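A.B. asks: Structure below; questions to follow.
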Amino acid sequence: MPRKPIAKFTVEHLQILDEKGKLDAKLDPKLSEKEAVTMYRWMRLARELDERMLKLQRQGRLGTFPPNTGQEAISIPIALRMQEKDWFVGAFRELGGRLVRGEPLTATLYYYNGWEEGNILPQKEMRIIPTSVVIGCQIEHAAGLAYAARYKGEDAAAVCFIGDGGTSEGDFHEGLNFAAAWKAPVVYVVQNNQWAISIPRSDQTASQTIAQKGIAYDMPVIQVDGNDPLAVTVAIDEALARARAGEGPSLIEAVTYRLMMHTTADDPTKYRGKAEEDDAWKKEPLIRTRMYLDKKGYWDDAKEEALLAEVKAQVEAVVKEFESAKDWQQDEPFRHVYGTEHANITEQHQDFLANVAREAK
Amino acid sequence: MAKLNMVQAINLALSQEMAKDKDVLLLGQDIGVDGGVFRLTEGLLDKYGKERVIDTPLAESAIIGTSIGMAMAGLKPVCEMQFSGFSYLMMGQFEAHATRMRARTHGQFTVPMVIRMPFGGGVRALEHHSESREILYAHLPGAKVVIPSGPRNARALLLAAIRDPDPVVFMEPKHSYRAFREEVPEAEEVMELGKSQVVQEGTDLTLISWGAMMRPTLKAAAEIEKKRGVSIEIIDLLSIAPLDYHTFTESVKKTGRCVVVQEAPRSFGVSSEVVARINDESFLYLEAPVGRLTGYDVITPYFGREKSYLPNSDRVSRAITQTLDY
């Protein structure tokens, strides 16, 4: 009996707006002026907050955090295409998307300054899952959230983010497998920023693309230029439509670059060269998005200047609010061990309060 | 009232709660068509359908990880780990998310879920099928760990676990699954989590155990009482975490002597915590050091020789005698 191929697969790459600002008119999702400008405003705001946070951290006014600069064209357009009832399931480099979903700017400052209060802003109503620090866990949560949405008869999907490093975790594969087996309404987005702390993409996996990992679970996949917000828009629209039509999960690999350090505790000069970084800066998303707006006739230098001043003032006000927040209870963790009272916790709570009172004297 | 074994009692609890609350879903390997490898979930697929009795792919971490997502969205998943020996693969999800979500969001998100798992030795099972590792879960803040000892309390505690607003690890002593029957009322009966039970009052010694070890413990106590005319107070912990230490430390204040019986390895186990709490609360009432009968700090031996490693009623008797005679 002859050998014969029984399955064949391809991985498509999508770019609509290149780094020089050249637009493929045939593929253009044709955002309205309002949509395009709104998207750019969020990108600018996220960039400003990120840059300000780095300064705060270097001045000792903020804890360790993972910068987002350079990845604005992924979570922002995605959040803009999601519906309110959809679940936004992030890892920890989706600042812009979180802001679009309605998370107050202060939340990320509280969180990265060591206060759980950064997690408790009105996230449940916004359907944002708190930051997932342990890599890969959220892939499975998203499958469960999506299953629950369908079970409850909600026409909602979950959109879940992970990095290139995260695709090596067992939970990534287990979660994709469950989501696919259940045909759960979920979209997985891999922010392939080339670096998992010091491990380059080439050492992370032997796979030619990350997108192809989804093929193993029989889900539609695509690789997009993750610095191109139009390609990301088209990919998420297609994937969400499939999810809502009951066609199950999809995987989007968004190719980008981590322009900054992994977290502020990291020093990339130990493991990568300046030439590589310089090249990546030329491809970053804000430059081309600005060119796109210019060409469409939506934007000019005056508008740019006004926007920069506006986001700067907005972030400055938020930093003031963050630095004046001081009235939280030091014993808050004792109040949330269980949803029911238990004497053991009550006793330790009293002991803690007594210690704090003694030390205050 | 029907006489049920623990398997039937757990099945009754699951079935009754699923009938009552459509947010309750079951997830696990082979729990649907097969009814579970121990037949705990027999008949539930037919009654409640495959949307609610989910035969999952084979991945412990994803069973718990997806259940966490479901619980955050307002459902009440009850997951089965086929054997506790396979449950360690879900430890990351359990520690990083299930046990912490309430605290890290100040109660905005909660994870009301139950993780059922058969555990313990004595059934001549294969490697990795016989361990007692309750302490691994009990150590985690935010986790509840419950161990029933008989059909009736298994049913009542499982109902409480499903209704609890937090993640509960419900460890089922599989040696007791079909070992004996008890009257289990058809009408709902719910016990409070976080509470131990004084199963027999006494004045001369406090005897503490839980799970499958309750049977040899009760047997030994009856023999010693008969032989020596002493009166033994027997406590079934039921709740490993949070630990209801007041019940046993008060008992020890009354009796002055105590023996703890534990199937798990000796070091860093529940019995260690029990002794520590007695030291904290009842030290001045002690007439003798607290006696401990435990497993050994070795792997649970393959079943060809496991019997000689498990605490039995003779060893419990000896431990009681030593403590009484100190």
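Identifiers for the structure tokens are assigned positionally: chains receive A, B, ... in sequence, residues are indexed from 1 per chain, and ligands are indexed from 1 in the order shown.
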Considering only C-alpha atoms, extract the chain B residues located within 8 Å of chain A and return them as a PyMOL selection string.

C.D. replies: chain B and resi 51+56-57+59+61-62+65-70+72-75+93+96+102-109+141-142+165-166+194+242-244

A.B. asks: Contacts of region 64-78 of chain A at 9 Å or less, counting only C-alpha atoms, minus same-chain residues fewer than 4 places along, as a PyMOL selection string?

C.D. replies: chain A and resi 39+42-44+46-47+50-51+53-54+57+82+92-100+112-113+159+161+189+191+193+226-230+232-233+235-237+254+256-265+280-281+283-286+289

A.B. asks: I want to know what sits within 12 Å of Lys26 (chain A), based on only C-alpha atoms, with residues of the same chain fewer than 6 positions away left out; could you give that as a PDB file with C-alpha atoms, in the first residue's frame?

C.D. replies:
ATOM      1  CA  GLN A  15       0.549  42.503   7.149  1.00  0.00           C
ATOM      2  CA  ILE A  16      -1.583  45.429   5.983  1.00  0.00           C
ATOM      3  CA  LEU A  17       0.395  48.452   7.143  1.00  0.00           C
TER       4      LEU A  17
END

A.B. asks: Using Å and a single decimal, report how far CA of Arg178 (chain B) sits from CA of Gln200 (chain B).

C.D. replies: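 Rounded to one decimal, the two atoms are 23.4 Å apart.
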
A.B. asks: For Gln212 (chain A), please output as an MDAnalysis selection string all residues within 9 Å (counting only C-alpha atoms; exclusion window: fewer than 3 positions along the same chain).

C.D. replies: chainID A and resid 9:11 207:209 215:216 221:223 251 253

A.B. asks: Using only N, CA, C and O atoms, please write the residues we just selected to a file, as a PDB file, in the first residue's frame.

C.D. replies:
ATOM      1  N   PHE A   9      -1.027  21.306   6.031  1.00  0.00           N
ATOM      2  CA  PHE A   9      -1.331  22.542   6.749  1.00  0.00           C
ATOM      3  C   PHE A   9      -0.510  23.695   6.198  1.00  0.00           C
ATOM      4  O   PHE A   9       0.602  23.500   5.735  1.00  0.00           O
ATOM      5  N   THR A  10      -1.084  24.872   6.284  1.00  0.00           N
ATOM      6  CA  THR A  10      -0.326  26.069   5.927  1.00  0.00           C
ATOM      7  C   THR A  10      -0.536  27.115   7.012  1.00  0.00           C
ATOM      8  O   THR A  10      -1.534  27.091   7.728  1.00  0.00           O
ATOM      9  N   VAL A  11       0.420  28.021   7.115  1.00  0.00           N
ATOM     10  CA  VAL A  11       0.298  29.139   8.055  1.00  0.00           C
ATOM     11  C   VAL A  11       0.390  30.422   7.241  1.00  0.00           C
ATOM     12  O   VAL A  11       1.357  30.618   6.512  1.00  0.00           O
ATOM     13  N   SER A 207       9.829  25.157  16.586  1.00  0.00           N
ATOM     14  CA  SER A 207       8.760  25.359  15.607  1.00  0.00           C
ATOM     15  C   SER A 207       9.092  26.533  14.684  1.00  0.00           C
ATOM     16  O   SER A 207       9.583  27.562  15.130  1.00  0.00           O
ATOM     17  N   GLN A 208       8.765  26.361  13.403  1.00  0.00           N
ATOM     18  CA  GLN A 208       9.052  27.415  12.429  1.00  0.00           C
ATOM     19  C   GLN A 208       8.242  28.674  12.743  1.00  0.00           C
ATOM     20  O   GLN A 208       8.730  29.786  12.628  1.00  0.00           O
ATOM     21  N   THR A 209       6.985  28.474  13.121  1.00  0.00           N
ATOM     22  CA  THR A 209       6.163  29.590  13.588  1.00  0.00           C
ATOM     23  C   THR A 209       5.537  29.173  14.912  1.00  0.00           C
ATOM     24  O   THR A 209       5.461  27.974  15.217  1.00  0.00           O
ATOM     25  N   ILE A 215      -2.328  24.596  15.167  1.00  0.00           N
ATOM     26  CA  ILE A 215      -2.775  23.605  14.175  1.00  0.00           C
ATOM     27  C   ILE A 215      -2.837  22.214  14.801  1.00  0.00           C
ATOM     28  O   ILE A 215      -3.720  21.413  14.480  1.00  0.00           O
ATOM     29  N   ALA A 216      -1.933  21.958  15.731  1.00  0.00           N
ATOM     30  CA  ALA A 216      -1.938  20.655  16.395  1.00  0.00           C
ATOM     31  C   ALA A 216      -3.273  20.395  17.084  1.00  0.00           C
ATOM     32  O   ALA A 216      -3.661  19.247  17.291  1.00  0.00           O
ATOM     33  N   VAL A 221      -5.408  29.242  12.536  1.00  0.00           N
ATOM     34  CA  VAL A 221      -4.309  30.054  13.057  1.00  0.00           C
ATOM     35  C   VAL A 221      -3.902  31.078  12.009  1.00  0.00           C
ATOM     36  O   VAL A 221      -4.158  30.905  10.810  1.00  0.00           O
ATOM     37  N   ILE A 222      -3.262  32.126  12.475  1.00  0.00           N
ATOM     38  CA  ILE A 222      -2.689  33.106  11.561  1.00  0.00           C
ATOM     39  C   ILE A 222      -1.514  33.770  12.261  1.00  0.00           C
ATOM     40  O   ILE A 222      -1.512  33.910  13.490  1.00  0.00           O
ATOM     41  N   GLN A 223      -0.511  34.124  11.478  1.00  0.00           N
ATOM     42  CA  GLN A 223       0.573  34.943  12.017  1.00  0.00           C
ATOM     43  C   GLN A 223       0.391  36.340  11.447  1.00  0.00           C
ATOM     44  O   GLN A 223       0.225  36.493  10.224  1.00  0.00           O
ATOM     45  N   LEU A 251      -6.128  30.764  17.060  1.00  0.00           N
ATOM     46  CA  LEU A 251      -4.846  31.235  17.614  1.00  0.00           C
ATOM     47  C   LEU A 251      -4.253  32.288  16.686  1.00  0.00           C
ATOM     48  O   LEU A 251      -4.142  32.060  15.474  1.00  0.00           O
ATOM     49  N   GLU A 253      -0.827  34.515  16.190  1.00  0.00           N
ATOM     50  CA  GLU A 253       0.540  34.849  16.593  1.00  0.00           C
ATOM     51  C   GLU A 253       0.820  36.268  16.110  1.00  0.00           C
ATOM     52  O   GLU A 253       0.790  36.530  14.904  1.00  0.00           O
TER      53      GLU A 253
END

A.B. asks: Can you work out which one of A:Asp331, A:Asp164, A:Asp300, A:Asp266 has the shortest atom-to-atom distance to Ala354 (chain A), counting only C-alpha atoms?

C.D. replies: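 With only C-alpha atoms as the atom set, the closest residue is A:Asp331.
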
A.B. asks: Give me the residues within 8 Å of region 264-266 of chain B as a VMD selection string, counting only C-alpha atoms and dropping any in the same chain fewer than 5 places off.

C.D. replies: chain B and resid 131 to 133 271 to 272 294 to 298

A.B. asks: Taking C-alpha atoms for each residue, export the selection above as a PDB file, in the first residue's frame.

C.D. replies:
ATOM      1  CA  GLU B 131      -0.413   8.023  49.090  1.00  0.00           C
ATOM      2  CA  SER B 132      -1.731  10.234  51.888  1.00  0.00           C
ATOM      3  CA  ARG B 133      -0.581  13.729  51.007  1.00  0.00           C
ATOM      4  CA  SER B 271      -0.131  15.115  63.484  1.00  0.00           C
ATOM      5  CA  SER B 272       2.837  17.471  63.828  1.00  0.00           C
ATOM      6  CA  THR B 294       2.090   7.527  61.835  1.00  0.00           C
ATOM      7  CA  GLY B 295       3.301   6.214  58.526  1.00  0.00           C
ATOM      8  CA  TYR B 296       7.010   6.266  57.826  1.00  0.00           C
ATOM      9  CA  ASP B 297       9.082   8.803  55.890  1.00  0.00           C
ATOM     10  CA  VAL B 298       9.420   6.457  52.929  1.00  0.00           C
TER      11      VAL B 298
END

A.B. asks: Suppose you want the space between CA of Ile232 (chain B) and CA of Leu205 (chain B); what is it in Å?

C.D. replies: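 So the two atoms, CA of Ile232 (chain B) and CA of Leu205 (chain B), lie 5.0 Å apart.
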
A.B. asks: Apply DSSP to the backbone of this structure and, from region 32-221 of chain A, keep only the residues in strand (DSSP E or B); write these as a list in words.

C.D. replies: Trp87, Phe88, Val89, Ile128, Ile129, Ala158, Val159, Cys160, Phe161, Ile162, Gly163, Val186, Val187, Tyr188, Val189, Val190, Gln191, Asn192, Trp195, Ala196, Ile199, Pro200 and Val221 of chain A

A.B. asks: Please produce a file of those selected residues containing N, CA and C atoms, as a JSON list (two decimals), in the first residue's frame.

C.D. replies:
[["chain", "number", "residue", "atom", "x", "y", "z"],
["A", 87, "TRP", "N", -14.69, 38.30, 27.75],
["A", 87, "TRP", "CA", -13.69, 38.27, 28.83],
["A", 87, "TRP", "C", -12.32, 38.63, 28.27],
["A", 88, "PHE", "N", -11.63, 39.54, 28.95],
["A", 88, "PHE", "CA", -10.27, 39.93, 28.58],
["A", 88, "PHE", "C", -9.33, 39.23, 29.57],
["A", 89, "VAL", "N", -8.59, 38.27, 29.07],
["A", 89, "VAL", "CA", -7.76, 37.42, 29.94],
["A", 89, "VAL", "C", -6.29, 37.68, 29.62],
["A", 128, "ILE", "N", -12.44, 41.80, 33.09],
["A", 128, "ILE", "CA", -10.97, 41.72, 32.95],
["A", 128, "ILE", "C", -10.49, 40.78, 34.06],
["A", 129, "ILE", "N", -9.73, 39.78, 33.69],
["A", 129, "ILE", "CA", -9.16, 38.89, 34.69],
["A", 129, "ILE", "C", -7.86, 39.52, 35.19],
["A", 158, "ALA", "N", -14.00, 34.67, 25.09],
["A", 158, "ALA", "CA", -12.86, 35.06, 25.91],
["A", 158, "ALA", "C", -11.68, 35.30, 24.97],
["A", 159, "VAL", "N", -10.92, 36.36, 25.24],
["A", 159, "VAL", "CA", -9.70, 36.61, 24.47],
["A", 159, "VAL", "C", -8.54, 36.53, 25.45],
["A", 160, "CYS", "N", -7.60, 35.66, 25.15],
["A", 160, "CYS", "CA", -6.54, 35.34, 26.10],
["A", 160, "CYS", "C", -5.17, 35.61, 25.51],
["A", 161, "PHE", "N", -4.34, 36.29, 26.25],
["A", 161, "PHE", "CA", -3.00, 36.66, 25.78],
["A", 161, "PHE", "C", -1.92, 35.82, 26.47],
["A", 162, "ILE", "N", -0.85, 35.61, 25.74],
["A", 162, "ILE", "CA", 0.31, 34.93, 26.32],
["A", 162, "ILE", "C", 1.52, 35.37, 25.50],
["A", 163, "GLY", "N", 2.71, 35.15, 26.03],
["A", 163, "GLY", "CA", 3.91, 35.52, 25.30],
["A", 163, "GLY", "C", 4.52, 34.33, 24.57],
["A", 186, "VAL", "N", -13.25, 31.01, 22.29],
["A", 186, "VAL", "CA", -12.07, 31.70, 22.85],
["A", 186, "VAL", "C", -11.08, 32.00, 21.74],
["A", 187, "VAL", "N", -10.37, 33.11, 21.89],
["A", 187, "VAL", "CA", -9.31, 33.48, 20.95],
["A", 187, "VAL", "C", -8.00, 33.57, 21.74],
["A", 188, "TYR", "N", -7.01, 32.85, 21.29],
["A", 188, "TYR", "CA", -5.70, 32.93, 21.92],
["A", 188, "TYR", "C", -4.79, 33.83, 21.11],
["A", 189, "VAL", "N", -4.14, 34.75, 21.79],
["A", 189, "VAL", "CA", -3.25, 35.70, 21.11],
["A", 189, "VAL", "C", -1.86, 35.55, 21.71],
["A", 190, "VAL", "N", -0.91, 35.15, 20.90],
["A", 190, "VAL", "CA", 0.47, 35.04, 21.37],
["A", 190, "VAL", "C", 1.20, 36.33, 20.98],
["A", 191, "GLN", "N", 1.62, 37.07, 21.98],
["A", 191, "GLN", "CA", 2.44, 38.25, 21.71],
["A", 191, "GLN", "C", 3.88, 37.75, 21.61],
["A", 192, "ASN", "N", 4.29, 37.45, 20.40],
["A", 192, "ASN", "CA", 5.65, 36.94, 20.19],
["A", 192, "ASN", "C", 6.59, 38.13, 20.09],
["A", 195, "TRP", "N", 11.57, 37.68, 22.93],
["A", 195, "TRP", "CA", 12.41, 37.44, 24.10],
["A", 195, "TRP", "C", 11.56, 37.04, 25.30],
["A", 196, "ALA", "N", 11.95, 35.94, 25.94],
["A", 196, "ALA", "CA", 11.36, 35.54, 27.22],
["A", 196, "ALA", "C", 12.47, 35.75, 28.25],
["A", 199, "ILE", "N", 15.88, 34.52, 26.95],
["A", 199, "ILE", "CA", 15.83, 33.41, 25.99],
["A", 199, "ILE", "C", 15.21, 33.89, 24.68],
["A", 200, "PRO", "N", 15.98, 33.88, 23.59],
["A", 200, "PRO", "CA", 15.43, 34.35, 22.32],
["A", 200, "PRO", "C", 14.43, 33.34, 21.75],
["A", 221, "VAL", "N", -5.41, 29.24, 12.54],
["A", 221, "VAL", "CA", -4.31, 30.05, 13.06],
["A", 221, "VAL", "C", -3.90, 31.08, 12.01]]

A.B. asks: Just how far from CA of Tyr110 (chain A) is CA of Ala360 (chain A), in Å to one decimal?

C.D. replies: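 Interatomic distance here is 23.8 Å.
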
A.B. asks: Do a neighbour search on region 17-23 of chain B at 8 Å with only C-alpha atoms, toss out local chain neighbours closer than 2 positions, and write the hits as a list of chain:residue names.

C.D. replies: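 So the residues in contact are B:Ala13, B:Leu14, B:Ser15, B:Leu25, B:Tyr48, B:Gly74, B:Leu75, B:Lys76, B:Pro77, B:Leu159.
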